[in-house]
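Asker: Input upload_2.cif, format and content: mmCIF, C-alpha atoms.
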```cif
data_entry
#
loop_
_atom_site.label_atom_id
_atom_site.label_comp_id
_atom_site.auth_asym_id
_atom_site.auth_seq_id
_atom_site.Cartn_x
_atom_site.Cartn_y
_atom_site.Cartn_z
CA MET A 15 0.00 0.00 0.00
CA THR A 16 1.17 3.51 -0.79
CA LEU A 17 0.77 6.55 1.45
CA ILE A 18 -1.69 8.09 -1.00
CA ARG A 19 -3.36 6.96 -4.20
CA PRO A 20 -5.65 8.34 -6.92
CA PHE A 21 -9.38 7.62 -6.89
CA SER A 22 -12.48 8.00 -9.03
CA GLY A 23 -13.87 11.18 -7.56
CA LEU A 24 -17.56 11.98 -7.29
CA ARG A 25 -17.89 15.57 -8.50
CA PRO A 26 -20.39 18.14 -9.76
CA ALA A 27 -21.17 17.67 -13.45
CA ALA A 28 -19.61 20.16 -15.85
CA GLY A 29 -20.98 23.61 -15.18
CA ARG A 30 -22.77 22.59 -11.95
CA ALA A 31 -20.06 23.23 -9.33
CA GLU A 32 -21.35 26.66 -8.28
CA GLU A 33 -24.77 25.13 -7.58
CA VAL A 34 -23.25 22.36 -5.46
CA VAL A 35 -20.24 23.43 -3.41
CA ALA A 36 -20.88 24.44 0.19
CA PRO A 37 -18.97 25.36 3.34
CA PRO A 38 -17.69 22.47 5.49
CA TYR A 39 -20.42 20.76 7.46
CA ASP A 40 -18.88 21.67 10.81
CA VAL A 41 -18.66 25.46 10.40
CA LEU A 42 -22.43 25.98 10.13
CA GLY A 43 -25.19 25.29 12.60
CA SER A 44 -28.49 23.85 11.43
CA ASP A 45 -30.25 27.24 11.26
CA GLU A 46 -27.46 28.87 9.26
CA ALA A 47 -27.22 25.87 6.94
CA ARG A 48 -30.97 26.03 6.34
CA LEU A 49 -30.67 29.70 5.43
CA ARG A 50 -27.63 29.17 3.18
CA ALA A 51 -29.37 26.37 1.26
CA LYS A 52 -32.65 28.24 0.76
CA GLY A 53 -33.45 28.37 -2.96
CA ARG A 54 -30.47 26.13 -3.73
CA PRO A 55 -31.85 22.62 -4.30
CA TRP A 56 -28.46 21.21 -5.32
CA SER A 57 -26.39 22.68 -2.50
CA PHE A 58 -24.21 20.03 -0.91
CA LEU A 59 -25.66 21.15 2.42
CA HIS A 60 -28.60 18.87 1.62
CA ILE A 61 -26.09 16.00 2.01
CA SER A 62 -23.73 17.36 4.67
CA ARG A 63 -26.47 18.97 6.84
CA PRO A 64 -29.55 16.98 5.80
CA GLU A 65 -31.58 17.98 8.85
CA ILE A 66 -32.35 21.16 6.87
CA ASP A 67 -34.82 19.07 4.83
CA LEU A 68 -36.63 17.87 7.95
CA PRO A 69 -38.79 19.83 10.41
CA VAL A 70 -37.06 22.58 12.37
CA GLY A 71 -35.83 21.19 15.67
CA THR A 72 -35.04 17.73 14.30
CA ASP A 73 -32.11 16.18 16.16
CA PRO A 74 -29.15 16.34 13.71
CA HIS A 75 -28.15 12.87 14.91
CA ALA A 76 -31.52 11.20 14.45
CA ALA A 77 -31.64 8.14 12.19
CA GLU A 78 -33.87 9.90 9.67
CA VAL A 79 -31.22 12.59 9.17
CA TYR A 80 -28.67 10.10 7.86
CA GLU A 81 -31.38 8.47 5.73
CA MET A 82 -32.20 11.88 4.27
CA ALA A 83 -28.51 12.43 3.43
CA ALA A 84 -28.46 9.15 1.48
CA ASP A 85 -31.72 10.01 -0.29
CA ASN A 86 -30.43 13.44 -1.27
CA LEU A 87 -27.18 11.97 -2.59
CA GLN A 88 -29.10 9.48 -4.73
CA ARG A 89 -31.34 12.26 -6.03
CA MET A 90 -28.34 14.33 -7.11
CA LEU A 91 -26.85 11.27 -8.82
CA GLN A 92 -30.08 10.41 -10.61
CA GLU A 93 -30.53 13.98 -11.82
CA GLY A 94 -26.96 14.06 -13.14
CA VAL A 95 -25.91 16.89 -10.83
CA LEU A 96 -23.11 14.71 -9.45
CA VAL A 97 -21.09 12.38 -11.65
CA ARG A 98 -18.19 10.05 -10.98
CA ASP A 99 -14.92 10.02 -12.87
CA GLU A 100 -14.56 6.84 -14.87
CA ARG A 101 -10.98 6.18 -13.76
CA PRO A 102 -8.79 6.99 -10.75
CA CYS A 103 -7.40 10.52 -10.83
CA TYR A 104 -5.63 13.01 -8.68
CA TYR A 105 -6.94 16.56 -8.37
CA ILE A 106 -4.95 19.75 -7.88
CA TYR A 107 -6.88 22.16 -5.67
CA ARG A 108 -6.09 25.86 -5.28
CA LEU A 109 -7.67 28.02 -2.59
CA VAL A 110 -7.50 31.82 -2.81
CA MET A 111 -8.67 34.19 -0.09
CA GLY A 112 -7.69 37.82 -0.61
CA ASN A 113 -3.95 37.91 -1.21
CA HIS A 114 -3.43 34.40 0.15
CA SER A 115 -3.14 31.41 -2.18
CA GLN A 116 -2.35 27.74 -1.53
CA THR A 117 -2.12 24.85 -3.98
CA GLY A 118 -2.44 21.24 -2.87
CA LEU A 119 -3.45 17.74 -3.88
CA VAL A 120 -6.78 15.96 -3.48
CA ALA A 121 -6.02 12.28 -2.88
CA VAL A 122 -7.10 9.40 -0.70
CA ALA A 123 -4.64 8.56 2.05
CA SER A 124 -3.88 5.23 3.68
CA ILE A 125 -5.85 4.28 6.80
CA ALA A 126 -3.03 1.86 7.65
CA ASP A 127 -0.58 4.77 7.72
CA TYR A 128 -3.03 6.76 9.84
CA ASP A 129 -3.31 3.86 12.28
CA THR A 130 0.49 3.59 12.60
CA ASN A 131 0.88 7.39 12.99
CA ARG A 132 2.68 8.03 9.73
CA ILE A 133 -0.27 10.34 9.21
CA ARG A 134 0.13 12.23 12.44
CA LYS A 135 -2.44 13.63 14.83
CA HIS A 136 -2.33 16.50 17.31
CA GLU A 137 -5.83 16.48 18.84
CA PHE A 138 -8.00 14.27 20.99
CA THR A 139 -11.33 13.27 19.49
CA ARG A 140 -14.76 12.98 21.08
CA PRO A 141 -16.64 9.67 20.68
CA ASP A 142 -19.95 11.38 19.90
CA LYS A 143 -18.42 13.36 17.03
CA GLU A 144 -16.71 10.24 15.71
CA ASP A 145 -20.02 8.38 15.88
CA ASP A 146 -21.70 11.08 13.81
CA ARG A 147 -19.13 10.81 11.02
CA VAL A 148 -19.21 7.00 11.10
CA ARG A 149 -22.97 7.08 10.62
CA GLN A 150 -22.68 9.65 7.83
CA ILE A 151 -20.04 7.67 5.93
CA THR A 152 -21.97 4.43 6.38
CA ALA A 153 -25.27 5.94 5.23
CA LEU A 154 -23.72 7.52 2.13
CA HIS A 155 -21.23 4.74 1.43
CA ALA A 156 -18.92 7.67 0.74
CA GLN A 157 -16.61 10.17 2.42
CA THR A 158 -17.78 13.68 1.57
CA GLY A 159 -15.83 15.96 3.91
CA PRO A 160 -12.11 16.02 3.07
CA VAL A 161 -9.52 15.96 5.84
CA LEU A 162 -7.05 18.85 5.66
CA LEU A 163 -3.49 17.49 5.67
CA ALA A 164 -0.07 19.09 5.42
CA TYR A 165 3.27 17.86 4.17
CA GLU A 166 6.57 19.47 5.02
CA SER A 167 7.18 21.74 2.05
CA ASP A 168 9.32 20.06 -0.60
CA ALA A 169 10.56 22.26 -3.46
CA GLU A 170 10.21 19.49 -6.05
CA VAL A 171 6.69 18.50 -5.02
CA ASP A 172 5.57 22.11 -4.60
CA ALA A 173 6.80 22.92 -8.10
CA MET A 174 5.14 19.83 -9.60
CA LEU A 175 1.74 20.79 -8.21
CA ALA A 176 2.20 24.40 -9.30
CA ASP A 177 3.14 23.30 -12.84
CA ILE A 178 -0.02 21.22 -13.20
CA ALA A 179 -2.02 24.23 -12.07
CA GLN A 180 -0.74 26.19 -15.07
CA GLY A 181 -3.20 24.36 -17.31
CA ARG A 182 -6.85 25.07 -17.93
CA PRO A 183 -8.86 24.24 -14.79
CA ASP A 184 -11.82 21.89 -14.73
CA VAL A 185 -13.53 23.98 -12.05
CA ASP A 186 -12.97 27.66 -11.30
CA LEU A 187 -15.39 29.47 -9.01
CA VAL A 188 -15.67 32.04 -6.26
CA ALA A 189 -17.96 30.97 -3.42
CA ASP A 190 -20.40 33.34 -1.74
CA ASP A 191 -17.85 34.04 1.01
CA GLY A 192 -15.38 35.38 -1.56
CA VAL A 193 -13.02 32.38 -1.43
CA GLY A 194 -11.82 31.05 -4.79
CA HIS A 195 -11.84 27.30 -5.46
CA THR A 196 -10.03 26.00 -8.54
CA LEU A 197 -9.61 22.34 -9.50
CA TRP A 198 -7.49 20.58 -12.11
CA VAL A 199 -8.08 16.87 -12.82
CA VAL A 200 -4.89 14.82 -13.27
CA ARG A 201 -5.60 11.91 -15.62
CA ASP A 202 -2.14 11.24 -17.11
CA ASP A 203 -0.81 7.89 -15.88
CA ALA A 204 2.82 8.96 -15.88
CA LEU A 205 2.07 12.08 -13.88
CA ILE A 206 -0.13 10.14 -11.47
CA GLY A 207 2.74 7.72 -10.87
CA LYS A 208 5.18 10.55 -10.32
CA ILE A 209 2.89 12.15 -7.72
CA THR A 210 2.36 8.84 -5.91
CA THR A 211 6.10 8.16 -5.76
CA ALA A 212 6.92 11.68 -4.54
CA PHE A 213 4.47 11.50 -1.66
CA ASN A 214 5.38 7.94 -0.76
CA ARG A 215 8.94 9.11 -0.11
CA MET A 216 7.71 11.43 2.65
CA ASN A 217 8.25 10.41 6.24
CA ALA A 218 4.90 11.72 7.40
CA LEU A 219 1.77 13.71 6.68
CA TYR A 220 0.09 15.87 9.32
CA ILE A 221 -3.58 16.31 10.10
CA ALA A 222 -4.31 20.01 10.22
CA ASP A 223 -8.09 19.81 10.48
CA GLY A 224 -10.40 16.80 10.42
CA HIS A 225 -9.39 14.55 13.30
CA HIS A 226 -12.94 13.26 13.76
CA ARG A 227 -13.32 12.50 10.05
CA SER A 228 -10.00 10.63 10.10
CA ALA A 229 -10.89 8.62 13.19
CA ALA A 230 -14.31 7.80 11.75
CA ALA A 231 -12.76 6.63 8.48
CA SER A 232 -10.46 4.32 10.44
CA ARG A 233 -13.43 2.83 12.29
CA VAL A 234 -15.34 2.32 9.04
CA ALA A 235 -12.30 0.63 7.49
CA ALA A 236 -12.07 -1.76 10.44
CA SER A 237 -15.70 -2.78 9.91
CA HIS A 238 -15.33 -3.13 6.12
CA ALA A 239 -12.48 -5.61 5.90
CA GLY A 240 -11.88 -6.59 2.30
CA VAL A 241 -13.35 -3.36 0.86
CA GLU A 242 -10.22 -1.85 -0.64
CA ALA A 243 -11.58 1.68 -1.03
CA ALA A 244 -12.52 1.77 2.66
CA GLY A 245 -8.82 1.46 3.48
CA TYR A 246 -8.27 5.04 2.32
CA PHE A 247 -9.79 8.37 3.35
CA LEU A 248 -10.49 11.59 1.50
CA THR A 249 -7.87 14.32 1.97
CA VAL A 250 -6.54 17.57 0.59
CA ILE A 251 -2.80 17.91 1.20
CA PHE A 252 -1.01 21.27 1.14
CA PRO A 253 2.65 22.22 1.65
CA HIS A 254 2.94 23.48 5.20
CA ARG A 255 4.55 26.79 4.25
CA GLN A 256 1.53 27.74 2.16
CA MET A 257 -1.03 27.09 4.89
CA GLN A 258 -2.54 29.94 6.85
CA ILE A 259 -3.42 29.69 10.53
CA LEU A 260 -5.31 32.61 12.02
CA ASP A 261 -5.48 33.54 15.67
CA TYR A 262 -7.97 31.66 17.83
CA ASN A 263 -8.96 34.09 20.54
CA ARG A 264 -10.52 33.60 23.99
CA VAL A 265 -13.34 35.32 25.88
CA VAL A 266 -14.21 34.63 29.52
CA ARG A 267 -17.58 35.22 31.16
CA ASP A 268 -16.42 36.48 34.59
CA LEU A 269 -13.37 37.26 36.70
CA GLY A 270 -14.03 34.53 39.24
CA GLY A 271 -15.36 36.93 41.85
CA MET A 272 -12.41 39.36 41.62
CA SER A 273 -12.65 43.08 40.91
CA VAL A 274 -10.83 44.46 37.88
CA GLU A 275 -8.08 45.77 40.16
CA GLU A 276 -7.68 42.46 41.98
CA PHE A 277 -7.54 40.59 38.69
CA LEU A 278 -4.87 42.89 37.22
CA ALA A 279 -2.80 42.50 40.39
CA ARG A 280 -2.77 38.75 39.81
CA VAL A 281 -1.96 39.01 36.11
CA VAL A 282 1.23 41.02 36.71
CA GLU A 283 2.66 38.07 38.64
CA ALA A 284 3.27 36.22 35.35
CA PHE A 285 3.07 38.96 32.70
CA THR A 286 4.34 42.43 31.99
CA VAL A 287 1.09 44.40 31.58
CA THR A 288 1.01 47.61 29.51
CA PRO A 289 -2.16 49.66 28.89
CA VAL A 290 -2.46 50.75 25.25
CA ALA A 291 -4.80 53.04 23.34
CA MET A 292 -5.67 50.66 20.47
CA ALA A 293 -6.76 47.07 20.01
CA VAL A 294 -3.83 44.68 20.43
CA ARG A 295 -3.08 42.17 17.69
CA PRO A 296 0.08 40.39 18.93
CA ASP A 297 2.94 40.74 16.46
CA GLY A 298 4.84 37.70 17.67
CA PRO A 299 4.69 34.69 19.97
CA ARG A 300 4.65 35.00 23.77
CA MET A 301 2.65 38.23 23.42
CA PHE A 302 -1.08 38.61 24.13
CA GLY A 303 -3.74 41.28 23.95
CA MET A 304 -6.28 41.66 26.75
CA TYR A 305 -9.50 43.68 26.62
CA LEU A 306 -10.99 44.43 30.02
CA ALA A 307 -13.46 47.11 31.18
CA GLY A 308 -13.14 49.07 27.95
CA GLN A 309 -9.31 49.08 28.03
CA TRP A 310 -6.79 47.16 25.92
CA TYR A 311 -3.56 45.85 27.47
CA ARG A 312 -0.47 44.25 25.98
CA LEU A 313 0.69 41.21 27.96
CA GLU A 314 4.21 39.80 27.67
CA ILE A 315 4.86 36.62 29.57
CA HIS A 316 7.90 36.54 31.84
CA ALA A 317 10.69 34.50 30.28
CA GLY A 318 11.00 32.21 33.29
CA ASN A 319 7.46 30.96 32.73
CA ILE A 320 8.15 29.49 29.29
CA PRO A 321 8.87 25.74 29.37
CA ASP A 322 10.90 23.92 26.75
CA ASP A 323 8.48 21.18 25.70
CA PRO A 324 6.59 21.50 22.38
CA VAL A 325 3.13 21.68 23.98
CA GLY A 326 3.94 23.77 27.05
CA ARG A 327 5.60 26.52 25.02
CA LEU A 328 2.58 27.08 22.77
CA ASP A 329 0.94 30.45 23.35
CA VAL A 330 -2.42 28.76 24.01
CA SER A 331 -0.70 26.67 26.69
CA LEU A 332 1.09 29.64 28.22
CA LEU A 333 -2.14 31.59 28.58
CA ALA A 334 -3.88 28.56 30.06
CA SER A 335 -1.15 27.60 32.53
CA ASN A 336 -0.30 31.12 33.68
CA LEU A 337 -3.66 32.89 33.66
CA LEU A 338 -6.78 30.91 32.77
CA ALA A 339 -6.16 28.06 35.22
CA PRO A 340 -4.34 29.63 38.19
CA ILE A 341 -6.14 33.00 38.19
CA LEU A 342 -9.57 32.38 36.66
CA GLY A 343 -9.92 28.73 37.67
CA ILE A 344 -10.55 27.50 34.12
CA LYS A 345 -8.73 24.19 34.26
CA ASP A 346 -10.57 22.37 31.47
CA PRO A 347 -11.30 24.80 28.61
CA ARG A 348 -12.77 21.93 26.60
CA ARG A 349 -15.72 21.65 29.00
CA ASP A 350 -15.83 24.86 31.07
CA SER A 351 -18.85 26.95 30.04
CA ARG A 352 -17.21 30.15 31.30
CA ILE A 353 -14.85 30.30 28.32
CA ASP A 354 -15.63 30.68 24.63
CA PHE A 355 -13.44 30.84 21.53
CA VAL A 356 -13.55 33.36 18.69
CA GLY A 357 -11.91 32.62 15.35
CA GLY A 358 -9.57 35.31 14.11
CA ILE A 359 -11.58 35.64 10.91
CA ARG A 360 -14.10 37.63 13.01
CA GLY A 361 -11.54 40.27 13.94
CA LEU A 362 -10.72 42.03 17.19
CA ALA A 363 -13.91 44.08 17.06
CA GLU A 364 -15.80 40.88 17.87
CA LEU A 365 -13.81 40.57 21.11
CA GLU A 366 -14.70 44.13 22.05
CA ARG A 367 -18.34 43.50 21.21
CA ARG A 368 -18.55 40.39 23.38
CA VAL A 369 -17.08 42.23 26.38
CA ASP A 370 -18.85 45.57 25.88
CA SER A 371 -22.20 43.80 25.59
CA GLY A 372 -21.76 42.32 29.06
CA ASP A 373 -21.85 38.79 27.64
CA MET A 374 -18.20 38.37 28.59
CA LYS A 375 -15.93 40.09 31.09
CA VAL A 376 -12.48 39.79 29.52
CA ALA A 377 -11.06 38.87 26.11
CA PHE A 378 -7.61 37.70 25.01
CA SER A 379 -6.19 38.10 21.53
CA MET A 380 -3.62 35.50 20.51
CA TYR A 381 -0.72 35.19 18.08
CA PRO A 382 -1.51 32.36 15.64
CA THR A 383 0.00 28.94 16.27
CA SER A 384 2.58 28.17 13.58
CA MET A 385 2.62 25.13 11.33
CA GLU A 386 6.10 24.40 12.65
CA ASP A 387 4.70 24.21 16.17
CA LEU A 388 1.91 21.90 15.01
CA ILE A 389 4.42 19.60 13.32
CA ALA A 390 6.67 19.57 16.40
CA VAL A 391 3.75 18.56 18.63
CA ALA A 392 2.62 15.84 16.23
CA ASP A 393 6.18 14.49 15.81
CA ALA A 394 6.49 14.27 19.59
CA GLY A 395 3.28 12.26 19.76
CA GLU A 396 1.69 14.95 21.91
CA VAL A 397 -1.71 16.65 21.82
CA MET A 398 -2.37 20.36 21.46
CA PRO A 399 -4.81 22.18 23.75
CA PRO A 400 -8.33 22.62 22.36
CA LYS A 401 -8.93 25.47 19.91
CA SER A 402 -5.25 25.95 19.11
CA THR A 403 -5.61 26.49 15.37
CA TRP A 404 -8.06 28.20 13.02
CA PHE A 405 -7.26 27.43 9.40
CA GLU A 406 -8.36 29.76 6.62
CA PRO A 407 -9.46 29.52 3.91
CA LYS A 408 -11.75 26.52 4.43
CA LEU A 409 -12.08 23.62 2.02
CA ALA A 410 -15.36 23.27 0.13
CA ASP A 411 -17.66 20.31 0.68
CA GLY A 412 -19.00 18.70 -2.49
CA LEU A 413 -16.12 19.58 -4.80
CA VAL A 414 -14.76 16.00 -4.75
CA SER A 415 -16.07 13.03 -2.71
CA HIS A 416 -14.78 9.48 -2.28
CA VAL A 417 -17.12 6.55 -2.91
CA LEU A 418 -16.34 3.37 -0.94
CA ASP A 419 -16.50 0.68 -3.60
#
```
As structure tokens, what does this structure read like?

Answerer:
Amino acid sequence: MTLIRPFSGLRPAAGRAEEVVAPPYDVLGSDEARLRAKGRPWSFLHISRPEIDLPVGTDPHAAEVYEMAADNLQRMLQEGVLVRDERPCYYIYRLVMGNHSQTGLVAVASIADYDTNRIRKHEFTRPDKEDDRVRQITALHAQTGPVLLAYESDAEVDAMLADIAQGRPDVDLVADDGVGHTLWVVRDDALIGKITTAFNRMNALYIADGHHRSAAASRVAASHAGVEAAGYFLTVIFPHRQMQILDYNRVVRDLGGMSVEEFLARVVEAFTVTPVAMAVRPDGPRMFGMYLAGQWYRLEIHAGNIPDDPVGRLDVSLLASNLLAPILGIKDPRRDSRIDFVGGIRGLAELERRVDSGDMKVAFSMYPTSMEDLIAVADAGEVMPPKSTWFEPKLADGLVSHVLD
């Protein structure tokens, strides 16, 4: 078995991609998905969020939801909206958001290599979220949400993918969020072999986003012994230097019974605290912004509080171990209802809004985690704290899917 291989992708028919492609299933709630799909009968949201075609309030994990997903997929196949490539292919996928561009490979990756950690993880998964994806894959007999992977940038591989993307694309569209999605189908056998060989030489691939989809694919593979296609899972793989991680900021509901003055007196024990006139977007690691009682502060952690291990030195870990846990008593940010997380795509004004509204008491702006840090954690076999990374731009659902037969 090779690390990756080509596959016969299930894709929108020629000229239908704009009708089909949709945001990833896990970035929209049911109400927003229902609104986004209104008047769009072929939106992939009818497959990825099929509760939108059932009465409002339907449990997204009810059996009839997965049945509806399968029915909607069959309807799109029967109407010729989705078609399957006749032979295994690779697909070059370019994402463009503003001035940022990244070019990667759509391929199916080996479950065996995932199970042995050649495809490396950096997050814990939750059984309920795994169960949801297992049921979705089983109902559809297909993987429809690609896992975002990274490879350590390789000049030869990067150039090969870029060269293929010089040709005429098979799909070229701008989604309603302004993100460009361009796809080139690679059908040439020699080029397919060259891509397979180049990736198979790599020591590892790294999961950037999609740990639950990966874990679910592994479980499905274990229950489908002998089904060759089930031994691989749908991925898009980008060179790590082209990937963009935005800040993943924190807001906290209260100060744990302290006054503003008492809280600030505690913070200065671990940080240098400087009041500033403007919103603080940290310009490097080990720096934080804090918005409290209408005032922004710049926080710089004391050097003696920075450990040497790959997880402990992450900014998200430093904030947690030096402020959130010891001062505010938030020891488990995964489950504590007092803390919430705001993706950097929403901007610093969203932090101010959450605090000024009285919904939250204090906000922290973060410097984005780097891909190098993610790789270091994964190589060490460690796990990053929750909400450490926010990748942008997002992959589209429905552009290419993987059928398990």

Asker: For Val376 of chain A, find every residue with an atom within 7 Å (counting all atoms listed in the file), except residues of its own chain fewer than 6 positions away, and show them as a PyMOL selection string.

Answerer: chain A and resi 265-266+305-306+369

Asker: Using the chain letters and numbers from this file, what does the PyMOL selection byres ((chain A and resi 170-182) around 7) select? Give the answer as a ChimeraX atom specification.

Answerer: /A:106,117-118,167-169,183-184,198,212,253

Asker: Find the residues near segment 311-321 of chain A: any atom within 12 Å, counting only C-alpha atoms, skip ones fewer than 3 places away on the same chain, and give them as a PyMOL selection string.

Answerer: chain A and resi 278+281-308+324-337+376-381

Asker: Between A:Phe213, A:Arg30, A:Asp146, A:Leu68, which one has atoms that come closest to Arg48 of chain A, using only C-alpha atoms?

Answerer: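 Of A:Phe213, A:Arg30, A:Asp146, A:Leu68, the one nearest Arg48 of chain A, counting only C-alpha atoms, is A:Leu68.
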
Asker: Excluding Thr152 of chain A and its own-chain neighbours fewer than 6 positions away, which residues fall within 10 Å of it when counting all atoms listed in the file? Please give them as a PyMOL selection string.

Answerer: chain A and resi 80+84+146+230-231+234+418

Asker: Extract, using all atoms listed in the file, all DNA, RNA and protein residues at most 7 Å from Gly245 of chain A, discarding same-chain residues fewer than 4 positions from it, and format them as number ranges by chain.

Answerer: A: 124-125, 235

Asker: Name every residue that the PyMOL selection byres ((chain A and resi 252) around 9) selects in this structure, writing the answer as a PyMOL selection string with chains first and numbers rising.

Answerer: chain A and resi 116-119+162-167+172+250-251+253-257

Asker: I'd like to see the residues matched by the PyMOL selection byres ((chain A and resi 61-66) around 7) on this file, and ideally I'd get them as an mmCIF file with C-alpha atoms, in the frame of the given file.

Answerer:
```cif
data_model
loop_
_atom_site.group_PDB
_atom_site.id
_atom_site.type_symbol
_atom_site.label_atom_id
_atom_site.label_comp_id
_atom_site.auth_asym_id
_atom_site.auth_seq_id
_atom_site.Cartn_x
_atom_site.Cartn_y
_atom_site.Cartn_z
ATOM 1 C CA TYR A 39 -20.420 20.760 7.460
ATOM 2 C CA SER A 44 -28.490 23.850 11.430
ATOM 3 C CA ALA A 47 -27.220 25.870 6.940
ATOM 4 C CA ARG A 48 -30.970 26.030 6.340
ATOM 5 C CA PHE A 58 -24.210 20.030 -0.910
ATOM 6 C CA LEU A 59 -25.660 21.150 2.420
ATOM 7 C CA HIS A 60 -28.600 18.870 1.620
ATOM 8 C CA ASP A 67 -34.820 19.070 4.830
ATOM 9 C CA LEU A 68 -36.630 17.870 7.950
ATOM 10 C CA THR A 72 -35.040 17.730 14.300
ATOM 11 C CA PRO A 74 -29.150 16.340 13.710
ATOM 12 C CA VAL A 79 -31.220 12.590 9.170
ATOM 13 C CA MET A 82 -32.200 11.880 4.270
ATOM 14 C CA ALA A 83 -28.510 12.430 3.430
ATOM 15 C CA ASN A 86 -30.430 13.440 -1.270
ATOM 16 C CA LEU A 87 -27.180 11.970 -2.590
#
```

Asker: Tell me which of A:Gly53, A:Gly43, A:Pro160, A:Pro382 sits closest to Ile359 of chain A, counting only C-alpha atoms.

Answerer: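 Comparing A:Gly53, A:Gly43, A:Pro160, A:Pro382 against Ile359 of chain A, the winner is A:Pro382.
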
Asker: Of the candidates A:Leu42, A:Ile221, A:Leu388, A:Val161, which one gets nearest to Val122 of chain A if we count all atoms listed in the file?

Answerer: A:Val161

Asker: Have a look at A:Gly361, A:Arg233, A:Leu269, A:Ala339 and name the one nearest to Arg149 of chain A; count all atoms listed in the file.

Answerer: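 That would be A:Arg233, the residue with the smallest distance to Arg149 of chain A.
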
Asker: Between atom CA of Ala153 of chain A and atom CA of Arg54 of chain A, what is the spacing in Å?

Answerer: 22.7 Å

Asker: In Å, how far is it from atom CA of Val241 of chain A to atom CA of Ile18 of chain A?

Answerer: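 Between these atoms lies a distance of 16.4 Å.
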
Asker: Take atom CA of Thr249 of chain A and atom CA of Asp45 of chain A and report the distance between them in Å, one decimal.

Answerer: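 Calculated distance between atom CA of Thr249 of chain A and atom CA of Asp45 of chain A is 27.5 Å.
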
Asker: Nearest to Met374 of chain A among A:Arg267, A:Arg348, A:Lys401, A:Arg108, with distances taken over all atoms listed in the file: which residue is it?

Answerer: A:Arg267

Asker: Take segment 205-219 of chain A, model N, CA and C atoms, and hand the result over as a PDB file, keeping the file's coordinate frame.

Answerer:
```pdb
ATOM      1  N   LEU A 205       2.082  11.022 -14.892  1.00  0.00           N
ATOM      2  CA  LEU A 205       2.070  12.080 -13.880  1.00  0.00           C
ATOM      3  C   LEU A 205       1.473  11.571 -12.572  1.00  0.00           C
ATOM      4  N   ILE A 206       0.450  10.744 -12.675  1.00  0.00           N
ATOM      5  CA  ILE A 206      -0.130  10.140 -11.470  1.00  0.00           C
ATOM      6  C   ILE A 206       0.918   9.310 -10.729  1.00  0.00           C
ATOM      7  N   GLY A 207       1.685   8.524 -11.489  1.00  0.00           N
ATOM      8  CA  GLY A 207       2.740   7.720 -10.870  1.00  0.00           C
ATOM      9  C   GLY A 207       3.814   8.570 -10.230  1.00  0.00           C
ATOM     10  N   LYS A 208       4.159   9.660 -10.868  1.00  0.00           N
ATOM     11  CA  LYS A 208       5.180  10.550 -10.320  1.00  0.00           C
ATOM     12  C   LYS A 208       4.713  11.169  -9.003  1.00  0.00           C
ATOM     13  N   ILE A 209       3.434  11.565  -8.944  1.00  0.00           N
ATOM     14  CA  ILE A 209       2.890  12.150  -7.720  1.00  0.00           C
ATOM     15  C   ILE A 209       2.877  11.110  -6.592  1.00  0.00           C
ATOM     16  N   THR A 210       2.421   9.903  -6.920  1.00  0.00           N
ATOM     17  CA  THR A 210       2.360   8.840  -5.910  1.00  0.00           C
ATOM     18  C   THR A 210       3.737   8.560  -5.335  1.00  0.00           C
ATOM     19  N   THR A 211       4.728   8.450  -6.200  1.00  0.00           N
ATOM     20  CA  THR A 211       6.100   8.160  -5.760  1.00  0.00           C
ATOM     21  C   THR A 211       6.645   9.285  -4.889  1.00  0.00           C
ATOM     22  N   ALA A 212       6.391  10.534  -5.289  1.00  0.00           N
ATOM     23  CA  ALA A 212       6.920  11.680  -4.540  1.00  0.00           C
ATOM     24  C   ALA A 212       6.359  11.719  -3.128  1.00  0.00           C
ATOM     25  N   PHE A 213       5.071  11.469  -2.992  1.00  0.00           N
ATOM     26  CA  PHE A 213       4.470  11.500  -1.660  1.00  0.00           C
ATOM     27  C   PHE A 213       4.864  10.274  -0.841  1.00  0.00           C
ATOM     28  N   ASN A 214       5.023   9.142  -1.498  1.00  0.00           N
ATOM     29  CA  ASN A 214       5.380   7.940  -0.760  1.00  0.00           C
ATOM     30  C   ASN A 214       6.780   8.015  -0.157  1.00  0.00           C
ATOM     31  N   ARG A 215       7.604   8.906  -0.682  1.00  0.00           N
ATOM     32  CA  ARG A 215       8.940   9.110  -0.110  1.00  0.00           C
ATOM     33  C   ARG A 215       8.896   9.913   1.192  1.00  0.00           C
ATOM     34  N   MET A 216       7.785  10.572   1.462  1.00  0.00           N
ATOM     35  CA  MET A 216       7.710  11.430   2.650  1.00  0.00           C
ATOM     36  C   MET A 216       7.639  10.595   3.917  1.00  0.00           C
ATOM     37  N   ASN A 217       8.274  11.115   4.954  1.00  0.00           N
ATOM     38  CA  ASN A 217       8.250  10.410   6.240  1.00  0.00           C
ATOM     39  C   ASN A 217       6.874  10.442   6.881  1.00  0.00           C
ATOM     40  N   ALA A 218       6.169  11.557   6.687  1.00  0.00           N
ATOM     41  CA  ALA A 218       4.900  11.720   7.400  1.00  0.00           C
ATOM     42  C   ALA A 218       4.034  12.755   6.705  1.00  0.00           C
ATOM     43  N   LEU A 219       2.730  12.647   6.959  1.00  0.00           N
ATOM     44  CA  LEU A 219       1.770  13.710   6.680  1.00  0.00           C
ATOM     45  C   LEU A 219       1.161  14.115   8.022  1.00  0.00           C
TER      46      LEU A 219
END
```
